[in-house]
Amino acid sequence: MFAVTGSLVGTIGIGYTMATFHIWAPVVPFVAVVVLTAAALAVAVPRDVAELRRAGLAPAVPRPRWGTTATVTTLSVVGLLVVVVAALTHIGDPVPAGLFGSLGPGLVIGLALVVGAAVVALVRGRGLAVPVVVLGGSIQLAQAITYGVPTVTAAARHIGVLEYIRQYGGTNPSADIFQTWSGLFAGGAWVADIGGIANAMLIAAWVPVLLAFGTTIAVGVLAAHWLPGDRRPWVAALLTAMTASLNTTYFSPQSVGILLSITILVLATGPLRDAVVTTADGTVGAKPRARKVPLSKILAITLIGIVLVVTHQISPYLTVAALVALIVFRLVRPWWLPVVVLVPAVAFAALNGDILGRFLSLAAVGRVLDNVQPPTHDMTVLPKPLVTRLAFDIPAAALVVLGLAALITVLLHRDRVHWALLAAAASPISLLVATNYGQEGVFRVVLFATPWIAILAAALPMPSGRLAPVGSLVRRAMRPSAVRFAVAGAGIAALVAIGAFGQTALDWNRVMTRSQSEATQLYDRTAPSGSVMLLTGSANAVPSNTGARYFDVGYLSREALGTYPSGTDYDANADVSDVTRELVENWSATKYYALVAEPFGAYDERYGYQSDADYQQLAAAMADSPYWKVVWSSGTTAMYELTTEGMRHATE
C-alpha cells in the first residue's frame with residue numbers, strides 16, 4: 001500500500017510542481033528520483049534483512065514447505081494467468097454482452113479458480129489476502145488488455161489536460177477546474193514524457209489496474225486495524241471491491257483520491273490497544289485506547305494531504321470528516337490531526353475561489369434531500385433496458401445488505417469502537433449538506449462510506465457451535481467442514497458475480513472503441529481553431545477533449561439540437577437534413593465536422609434516447625448524404641466534414 005501510494009504521491013507532487021511553475025524538465029527529477037531511490041534501497045535493504053535475521057524472522061536457509069498458503073497463492077496466480085491469456089487472445093472492441101461476451105469461458109474459468117482459492121483460504125484461515133487482491137483488480141486488468149482504452153469516456157477527457165501540459169510545459173489554472181486541480185494530470189504528463197508514450201490514452205487505460213489492486217490492499221490494511229485475525233480484514237476488502245461498481249475505478253482524481261484518503265486513515269489510526277481500568281465496584285476491565293500518532297506519520301499525512309488537495313476537490317474534506325468522527329469517539333490522537341489536511345485544502349480552495357465558485361451554489365446548502373438525488377437523463381424517449389437498471393440496482397442492493405449487516409454488528413456490540421466506525425461510515429453525508437456535486441454527490445458518499453460499512457459487516461459475529469442454524473437435516477447429510485466450504489463458496493461466488501456484472505455489463509455502451517479514440521485525437525490535432533464536431537449521439541459516449549487544443553475546438557452533443565426522433569416512423573434522411581440545418585443555424589464555427597461511431601447507438605439505446613436500430617439507419621443516411629463527406633474512417637467509426645451543398649442546404 002505504501003509503495004503504490006508513495007509512487008503516486010511522488011509522481012503527482014513532482015509533476016504538479018513542474019507544471020505549476022512552468023519548469024517542465026522531466027529528465028532532471030527522474031534522474032534524481034532513480035539515484036535517491038537506489039541509494040535508499042542500498043542502505044535500507046541490508047539493514048532490514050539483518051534485523052529480521054537477528055529477530056529470527058528470516059532464517060538463512062528457509063525450509064520449503066507446501067501448505068494452504070502455497071495452494072491458495074498458486075490457484076490465484078493460475079486463475080489470473082487464465083484471465084490474462086483469455087484477454088490477450090480476444091483483443092477487440094466491446095460487444096453487447098460485455099467483457100464476458102468478449103472473453104467467453106476463459107474469464108469464467110479464471111475467476112472460478114480464484115474464487116476456489118478464496119474459499120479454501122477463508123475456511124482454513126490462511127492466505128486470504130492473495131485471492132482477494134487478485135479478485136479486486138482482475139476485471140480491470142482484463143478490460144485494459146482487451147479494449148486497450150479507458151472504460152469510461154470521462155477519462156479520455158482528462159487526457160486533454162495531460163496533453164496540454166506536455167505541449168505547453170505547464171497549466172493555466174484560470175482556464176478551468178481541471179487545470180487548477182491538475183495533480184493527477186501533471187503526474188501523468190511527466191510519466192508520458194519520461195516513458196516516451198506518444199498516445200497517453202495508454203496511461204488512462206492502465207492506471208485503473210494499479211488503482212484497483214492498490215485500493216483493495218489499502219482497505220485490507222485499514223480493516224486490520226479494527227478487525228481481529230487474518231480473515232476478517234480481507235473479507236472487508238473483498239466486500240468493498242465487489243460492491244464498488246457504482247463508482248467505477250478509472251483515470252480520474254476521484255479514484256486516486258479514495259486511495260490517498262484510505263492511506264491517510266491507515267497512518268492516523270493504527271491497531272488499538274486495550275487500557276486496563278478499574279471501575280467503582282472494583283471490576284477490572286479493558287477499554288480500547290488509541291495510539292498517539294507519531295511525528296513521522298503526521299509528516300507523512302501532511303505530505304499525502306497536500307498532494308490530495310491539488311488532485312481532487314472533495315476528497316480532503318471527506319477524509320477530514322472521517323478523522324473528526326474517530327476523534328469524537330476518542331480513537332484518534334492528537335485531536336488536532338485533521339487540521340494538517342483541512343488547512344491546505346481550505347487555503348487552496350480560497351486561492352482558487354473564482355474557479356471553484358462556478359461549481360458551488362448557495363441554494364444547494366442544507367438541501368440534503370435534493371442533493372442526494374442521483375443524476376437524471378433528460379430527453380429520453382424509450383424505457384431503459386433491464387441490463388442498464390440491473391447494473392446499478394444489483395450493486396446498490398448489495399450495499400443495502402452490507403449496511404444492514406453493519407447496523408446489526410453495531411447493535412450487537414454497542415461499544416465505543418463500533419459506534420465510531422458507524423460514525424465514520426456516516427461522515428461522508430456531510431458532503432450532501434453543502435452540494436449535490438453535479439448530481440453525483442450520492443455516489444461519492446457511497447464511495448467513502450463503503451470501506452467502513454464493509455469493515456462493520458465483516459465484524460458481524462458468526463454463529464458458534466456445530467452450525468446449528470444450518471439445520472439438523474443438512475448436518476446429517478454433510479460434514480461441518482463441507483457445509484463451511486459450501487457456504488463460503490456460495491457467498492464469495494455471489495459477491496464476485498455482483499462485482500463482475502456491475503463492472504462489465506455496460507461495457508458495450510460505456511467503453512469507447514479504439515477507432516473512436518483515434519478519430520477524436522485526429523480532430524483535436526488537425527481541425528482549424530473554432531471548429532465544431534457534431535456528435536451523432538450523446539456526448540457521454542465519445543472521448544472528447546483528448547488533445548492539447550481542447551480550448552480551440554469544440555464538440556456538440558446531439559441533445560443540444562432537440563429531442564431524438566425515434567419510433568416506427570423514423571426517417572433517417574429527414575433526421576440528417578434537420579440536424580444539419582439546426583447545427584449551422586444555431587452554432588457558428590469555422591468548420592463543421594460530424595462523428596458517427598458504434599458506441600453512440602449503444603449508449604443511446606441503453607439510456608433510452610434512441611434505439612440502436614434507428615442509429616444504424618442514421619449512420620447509413622450520413623454515409624449516403626450529399627451534405628457530408630467522409631474524411632476519415634476506421635473500424636466502426638467515421639468522421640465527416642460538411643460539404644458546400646450541406647452548407648447551402650442549411651442556410652436556405
# chains A, B, ... in the order shown; residues from 1 in each chain; ligands from 1
$ residues_around --residues "A:Ala398" --least-positions-apart "3" --cutoff "9 Å" --atoms "only C-alpha atoms" --output "MDAnalysis selection string"
chainID A and resid 243 393:395 401:403 495 498
$ atom_distance --atom1 "atom CA of A:Ile14" --atom2 "atom CA of A:Lys297"
20.8 Å
$ residues_around --residues "A:Ser174" --least-positions-apart "6" --cutoff "12 Å" --atoms "only C-alpha atoms" --output "list in words"
Thr20, Thr180, Trp181, Ser182, Leu351, Asn352, Gly353, Asp354, Ile355, Leu356 and Arg358 of chain A
$ write_last_selection --atoms "C-alpha atoms" --output "PDB file, in the first residue's frame"
ATOM      1  CA  THR A  20       2.527  24.948 -11.863  1.00  0.00           C
ATOM      2  CA  THR A 180      -6.476  24.097 -11.360  1.00  0.00           C
ATOM      3  CA  TRP A 181      -6.760  20.703  -9.617  1.00  0.00           C
ATOM      4  CA  SER A 182      -4.280  19.204 -12.054  1.00  0.00           C
ATOM      5  CA  LEU A 351      -6.766  30.808  -3.638  1.00  0.00           C
ATOM      6  CA  ASN A 352      -8.911  29.354  -6.427  1.00  0.00           C
ATOM      7  CA  GLY A 353     -12.289  30.524  -5.222  1.00  0.00           C
ATOM      8  CA  ASP A 354     -13.206  32.069  -8.567  1.00  0.00           C
ATOM      9  CA  ILE A 355     -12.877  28.680 -10.287  1.00  0.00           C
ATOM     10  CA  LEU A 356     -14.494  26.654  -7.507  1.00  0.00           C
ATOM     11  CA  ARG A 358     -18.624  28.187 -10.626  1.00  0.00           C
TER      12      ARG A 358
END
$ closest_residue --among "A:Ile91, A:Ala118, A:Val433, A:Leu642" --to "A:Leu583" --atoms "only C-alpha atoms"
A:Leu642
$ residues_around --residues "A:Ser102" --least-positions-apart "5" --cutoff "12 Å" --atoms "only C-alpha atoms" --output "JSON list (two decimals) with N, CA, C and O atoms, in the first residue's frame"
[["chain", "number", "residue", "atom", "x", "y", "z"],
["A", 83, "VAL", "N", -7.13, -15.60, -16.97],
["A", 83, "VAL", "CA", -7.84, -14.38, -17.36],
["A", 83, "VAL", "C", -6.99, -13.56, -18.33],
["A", 83, "VAL", "O", -7.50, -13.05, -19.34],
["A", 86, "ALA", "N", -6.90, -15.22, -21.75],
["A", 86, "ALA", "CA", -8.19, -15.03, -22.42],
["A", 86, "ALA", "C", -8.30, -13.62, -22.99],
["A", 86, "ALA", "O", -8.80, -13.42, -24.11],
["A", 87, "ALA", "N", -7.82, -12.62, -22.23],
["A", 87, "ALA", "CA", -7.88, -11.24, -22.71],
["A", 87, "ALA", "C", -6.94, -11.02, -23.90],
["A", 87, "ALA", "O", -7.31, -10.36, -24.89],
["A", 88, "LEU", "N", -5.73, -11.58, -23.82],
["A", 88, "LEU", "CA", -4.76, -11.40, -24.91],
["A", 88, "LEU", "C", -5.23, -12.05, -26.21],
["A", 88, "LEU", "O", -4.85, -11.59, -27.29],
["A", 89, "THR", "N", -6.02, -13.08, -26.11],
["A", 89, "THR", "CA", -6.49, -13.79, -27.31],
["A", 89, "THR", "C", -7.84, -13.28, -27.80],
["A", 89, "THR", "O", -8.38, -13.82, -28.77],
["A", 90, "HIS", "N", -8.39, -12.27, -27.16],
["A", 90, "HIS", "CA", -9.69, -11.72, -27.58],
["A", 90, "HIS", "C", -9.65, -10.20, -27.60],
["A", 90, "HIS", "O", -10.61, -9.54, -27.20],
["A", 91, "ILE", "N", -8.55, -9.63, -28.04],
["A", 91, "ILE", "CA", -8.43, -8.17, -28.10],
["A", 91, "ILE", "C", -9.40, -7.62, -29.15],
["A", 91, "ILE", "O", -9.45, -8.11, -30.28],
["A", 92, "GLY", "N", -10.16, -6.61, -28.78],
["A", 92, "GLY", "CA", -11.11, -6.03, -29.72],
["A", 92, "GLY", "C", -12.05, -5.06, -29.03],
["A", 92, "GLY", "O", -11.91, -4.74, -27.85],
["A", 93, "ASP", "N", -13.03, -4.57, -29.79],
["A", 93, "ASP", "CA", -14.00, -3.60, -29.27],
["A", 93, "ASP", "C", -15.05, -4.30, -28.41],
["A", 93, "ASP", "O", -15.26, -5.52, -28.52],
["A", 94, "PRO", "N", -15.74, -3.54, -27.55],
["A", 94, "PRO", "CA", -16.78, -4.13, -26.70],
["A", 94, "PRO", "C", -17.92, -4.72, -27.53],
["A", 94, "PRO", "O", -18.19, -4.28, -28.65],
["A", 95, "VAL", "N", -18.59, -5.70, -26.95],
["A", 95, "VAL", "CA", -19.75, -6.33, -27.57],
["A", 95, "VAL", "C", -20.94, -6.15, -26.63],
["A", 95, "VAL", "O", -20.76, -5.85, -25.44],
["A", 96, "PRO", "N", -22.18, -6.33, -27.13],
["A", 96, "PRO", "CA", -23.35, -6.11, -26.27],
["A", 96, "PRO", "C", -23.35, -6.92, -24.98],
["A", 96, "PRO", "O", -23.88, -6.47, -23.96],
["A", 97, "ALA", "N", -22.74, -8.11, -24.98],
["A", 97, "ALA", "CA", -22.72, -8.95, -23.78],
["A", 97, "ALA", "C", -21.62, -8.55, -22.81],
["A", 97, "ALA", "O", -21.43, -9.23, -21.79],
["A", 107, "LEU", "N", -12.65, -16.21, -19.14],
["A", 107, "LEU", "CA", -12.85, -15.32, -18.00],
["A", 107, "LEU", "C", -13.54, -16.04, -16.85],
["A", 107, "LEU", "O", -13.18, -15.88, -15.69],
["A", 108, "VAL", "N", -14.54, -16.84, -17.19],
["A", 108, "VAL", "CA", -15.29, -17.57, -16.16],
["A", 108, "VAL", "C", -14.38, -18.57, -15.45],
["A", 108, "VAL", "O", -14.37, -18.67, -14.21],
["A", 142, "ALA", "N", -8.25, -7.31, -17.19],
["A", 142, "ALA", "CA", -8.78, -7.90, -18.42],
["A", 142, "ALA", "C", -9.34, -6.84, -19.36],
["A", 142, "ALA", "O", -9.16, -6.92, -20.59],
["A", 143, "GLN", "N", -10.00, -5.83, -18.81],
["A", 143, "GLN", "CA", -10.53, -4.75, -19.65],
["A", 143, "GLN", "C", -9.40, -3.96, -20.31],
["A", 143, "GLN", "O", -9.49, -3.61, -21.49],
["A", 145, "ILE", "N", -6.42, -4.97, -21.10],
["A", 145, "ILE", "CA", -5.79, -5.77, -22.16],
["A", 145, "ILE", "C", -6.71, -5.89, -23.36],
["A", 145, "ILE", "O", -6.30, -5.70, -24.51],
["A", 146, "THR", "N", -7.97, -6.21, -23.12],
["A", 146, "THR", "CA", -8.91, -6.48, -24.21],
["A", 146, "THR", "C", -9.24, -5.23, -25.00],
["A", 146, "THR", "O", -9.18, -5.23, -26.24],
["A", 147, "TYR", "N", -9.60, -4.16, -24.32],
["A", 147, "TYR", "CA", -10.05, -2.96, -25.01],
["A", 147, "TYR", "C", -8.91, -2.01, -25.34],
["A", 147, "TYR", "O", -8.96, -1.30, -26.34],
["A", 504, "THR", "N", -18.85, -4.83, -15.76],
["A", 504, "THR", "CA", -18.73, -5.17, -17.19],
["A", 504, "THR", "C", -20.03, -5.13, -17.97],
["A", 504, "THR", "O", -20.00, -5.13, -19.20],
["A", 505, "ALA", "N", -21.18, -5.10, -17.30],
["A", 505, "ALA", "CA", -22.46, -5.22, -18.01],
["A", 505, "ALA", "C", -22.68, -4.09, -19.01],
["A", 505, "ALA", "O", -23.36, -4.27, -20.03],
["A", 507, "ASP", "N", -20.24, -2.39, -20.64],
["A", 507, "ASP", "CA", -19.06, -2.14, -21.47],
["A", 507, "ASP", "C", -19.44, -1.73, -22.88],
["A", 507, "ASP", "O", -18.77, -0.88, -23.49],
["A", 508, "TRP", "N", -20.47, -2.31, -23.44],
["A", 508, "TRP", "CA", -20.85, -2.02, -24.83],
["A", 508, "TRP", "C", -21.15, -0.55, -25.04],
["A", 508, "TRP", "O", -20.79, 0.04, -26.06]]
$ closest_atom_pairs --of "stretch 474-527 of chain A" --to "stretch 586-607 of chain A" --cutoff "12 Å" --atoms "only C-alpha atoms" --output "Markdown table"
| residue | atom | partner | partner_atom | distance |
| --- | --- | --- | --- | --- |
| A:Ala505 | CA | A:Arg606 | CA | 10.8 |
| A:Leu506 | CA | A:Arg606 | CA | 8.3 |
| A:Asp507 | CA | A:Ala602 | CA | 9.6 |
| A:Trp508 | CA | A:Ala602 | CA | 6.3 |
| A:Asn509 | CA | A:Tyr603 | CA | 4.4 |
| A:Arg510 | CA | A:Tyr603 | CA | 6.9 |
| A:Val511 | CA | A:Pro599 | CA | 7.6 |
| A:Met512 | CA | A:Pro599 | CA | 6.5 |
| A:Thr513 | CA | A:Pro599 | CA | 7.4 |
| A:Arg514 | CA | A:Ala597 | CA | 10.7 |
| A:Ser515 | CA | A:Ala597 | CA | 8.5 |
| A:Gln516 | CA | A:Ala597 | CA | 6.5 |
| A:Ser517 | CA | A:Ala597 | CA | 10.2 |
| A:Glu518 | CA | A:Ala597 | CA | 11.5 |
| A:Ala519 | CA | A:Leu595 | CA | 8.2 |
| A:Thr520 | CA | A:Leu595 | CA | 8.5 |
| A:Leu522 | CA | A:Leu595 | CA | 11.7 |
| A:Tyr523 | CA | A:Tyr593 | CA | 8.7 |
| A:Asp524 | CA | A:Tyr593 | CA | 11.4 |
| A:Thr526 | CA | A:Lys591 | CA | 11.6 |
| A:Ala527 | CA | A:Lys591 | CA | 7.9 |
$ write_last_selection --atoms "N, CA, C and O atoms" --output "tab-separated table (two decimals), in the first residue's frame"
chain	number	residue	atom	x	y	z
A	505	ALA	N	-21.18	-5.10	-17.30
A	505	ALA	CA	-22.46	-5.22	-18.01
A	505	ALA	C	-22.68	-4.09	-19.01
A	505	ALA	O	-23.36	-4.27	-20.03
A	506	LEU	N	-22.12	-2.91	-18.71
A	506	LEU	CA	-22.34	-1.75	-19.58
A	506	LEU	C	-21.13	-1.44	-20.46
A	506	LEU	O	-21.01	-0.32	-20.97
A	507	ASP	N	-20.24	-2.39	-20.64
A	507	ASP	CA	-19.06	-2.14	-21.47
A	507	ASP	C	-19.44	-1.73	-22.88
A	507	ASP	O	-18.77	-0.88	-23.49
A	508	TRP	N	-20.47	-2.31	-23.44
A	508	TRP	CA	-20.85	-2.02	-24.83
A	508	TRP	C	-21.15	-0.55	-25.04
A	508	TRP	O	-20.79	0.04	-26.06
A	509	ASN	N	-21.80	0.08	-24.06
A	509	ASN	CA	-22.16	1.49	-24.23
A	509	ASN	C	-21.22	2.43	-23.48
A	509	ASN	O	-21.21	3.63	-23.74
A	510	ARG	N	-20.42	1.90	-22.54
A	510	ARG	CA	-19.59	2.78	-21.72
A	510	ARG	C	-18.15	2.86	-22.21
A	510	ARG	O	-17.47	3.87	-22.00
A	511	VAL	N	-17.65	1.81	-22.83
A	511	VAL	CA	-16.26	1.77	-23.27
A	511	VAL	C	-16.16	2.26	-24.71
A	511	VAL	O	-16.88	1.78	-25.58
A	512	MET	N	-15.28	3.20	-24.94
A	512	MET	CA	-15.05	3.69	-26.29
A	512	MET	C	-14.36	2.62	-27.12
A	512	MET	O	-13.83	1.65	-26.58
A	513	THR	N	-14.34	2.81	-28.41
A	513	THR	CA	-13.59	1.92	-29.29
A	513	THR	C	-12.25	2.57	-29.65
A	513	THR	O	-12.09	3.78	-29.53
A	514	ARG	N	-11.30	1.75	-30.08
A	514	ARG	CA	-10.01	2.30	-30.48
A	514	ARG	C	-10.17	3.27	-31.65
A	514	ARG	O	-9.53	4.33	-31.69
A	515	SER	N	-11.01	2.93	-32.61
A	515	SER	CA	-11.18	3.80	-33.77
A	515	SER	C	-11.84	5.12	-33.38
A	515	SER	O	-11.51	6.18	-33.92
A	516	GLN	N	-12.74	5.07	-32.43
A	516	GLN	CA	-13.38	6.30	-31.94
A	516	GLN	C	-12.34	7.21	-31.29
A	516	GLN	O	-12.33	8.43	-31.52
A	517	SER	N	-11.46	6.63	-30.51
A	517	SER	CA	-10.40	7.40	-29.88
A	517	SER	C	-9.47	8.01	-30.92
A	517	SER	O	-9.08	9.19	-30.81
A	518	GLU	N	-9.12	7.24	-31.94
A	518	GLU	CA	-8.25	7.75	-33.00
A	518	GLU	C	-8.90	8.91	-33.73
A	518	GLU	O	-8.23	9.90	-34.07
A	519	ALA	N	-10.21	8.82	-33.97
A	519	ALA	CA	-10.91	9.88	-34.70
A	519	ALA	C	-10.90	11.20	-33.92
A	519	ALA	O	-10.62	12.27	-34.48
A	520	THR	N	-11.22	11.13	-32.63
A	520	THR	CA	-11.25	12.37	-31.84
A	520	THR	C	-9.85	12.95	-31.66
A	520	THR	O	-9.69	14.18	-31.62
A	522	LEU	N	-7.46	12.73	-33.88
A	522	LEU	CA	-7.16	13.36	-35.17
A	522	LEU	C	-7.85	14.72	-35.28
A	522	LEU	O	-7.24	15.71	-35.72
A	523	TYR	N	-9.11	14.77	-34.88
A	523	TYR	CA	-9.85	16.03	-34.92
A	523	TYR	C	-9.21	17.08	-34.01
A	523	TYR	O	-8.99	18.23	-34.42
A	524	ASP	N	-8.89	16.69	-32.79
A	524	ASP	CA	-8.27	17.63	-31.86
A	524	ASP	C	-6.94	18.15	-32.38
A	524	ASP	O	-6.55	19.29	-32.11
A	526	THR	N	-5.91	18.31	-35.76
A	526	THR	CA	-5.82	18.90	-37.11
A	526	THR	C	-6.92	19.90	-37.45
A	526	THR	O	-6.75	20.68	-38.40
A	527	ALA	N	-8.03	19.90	-36.74
A	527	ALA	CA	-9.13	20.79	-37.11
A	527	ALA	C	-8.74	22.25	-36.88
A	527	ALA	O	-8.03	22.57	-35.92
$ closest_residue --among "A:Leu81, A:Val132, A:Leu295, A:Val209" --to "A:Thr249" --atoms "only C-alpha atoms"
A:Val209
$ closest_residue --among "A:Val410, A:Ile203, A:Val343, A:Ala574" --to "A:Gln617" --atoms "only C-alpha atoms"
A:Ala574
$ closest_residue --among "A:Ala420, A:Thr37, A:Pro338, A:Lys384" --to "A:Leu326" --atoms "only C-alpha atoms"
A:Ala420
$ closest_residue --among "A:Leu432, A:Ala25, A:Val496, A:Val340" --to "A:Ser138" --atoms "only C-alpha atoms"
A:Val496
$ select_by_dssp --residues "stretch 362-566 of chain A" --states "helix (DSSP H, G or I)" --output "PyMOL selection string"
chain A and resi 362-364+368-371+386-413+416-434+441-458+468-470+472-477+480-504+507-510+514-526+539-541+558-561
$ residues_around --residues "A:Ala620" --least-positions-apart "6" --cutoff "12 Å" --atoms "only C-alpha atoms" --output "PyMOL selection string"
chain A and resi 571-573+575-576+596-598+613-614+628+636+638
$ atom_distance --atom1 "atom CA of A:Val82" --atom2 "atom CA of A:Phe213"
17.6 Å
$ closest_residue --among "A:Gly125, A:Gly646, A:Gly547, A:Gly13" --to "A:Ile165" --atoms "only C-alpha atoms"
A:Gly547
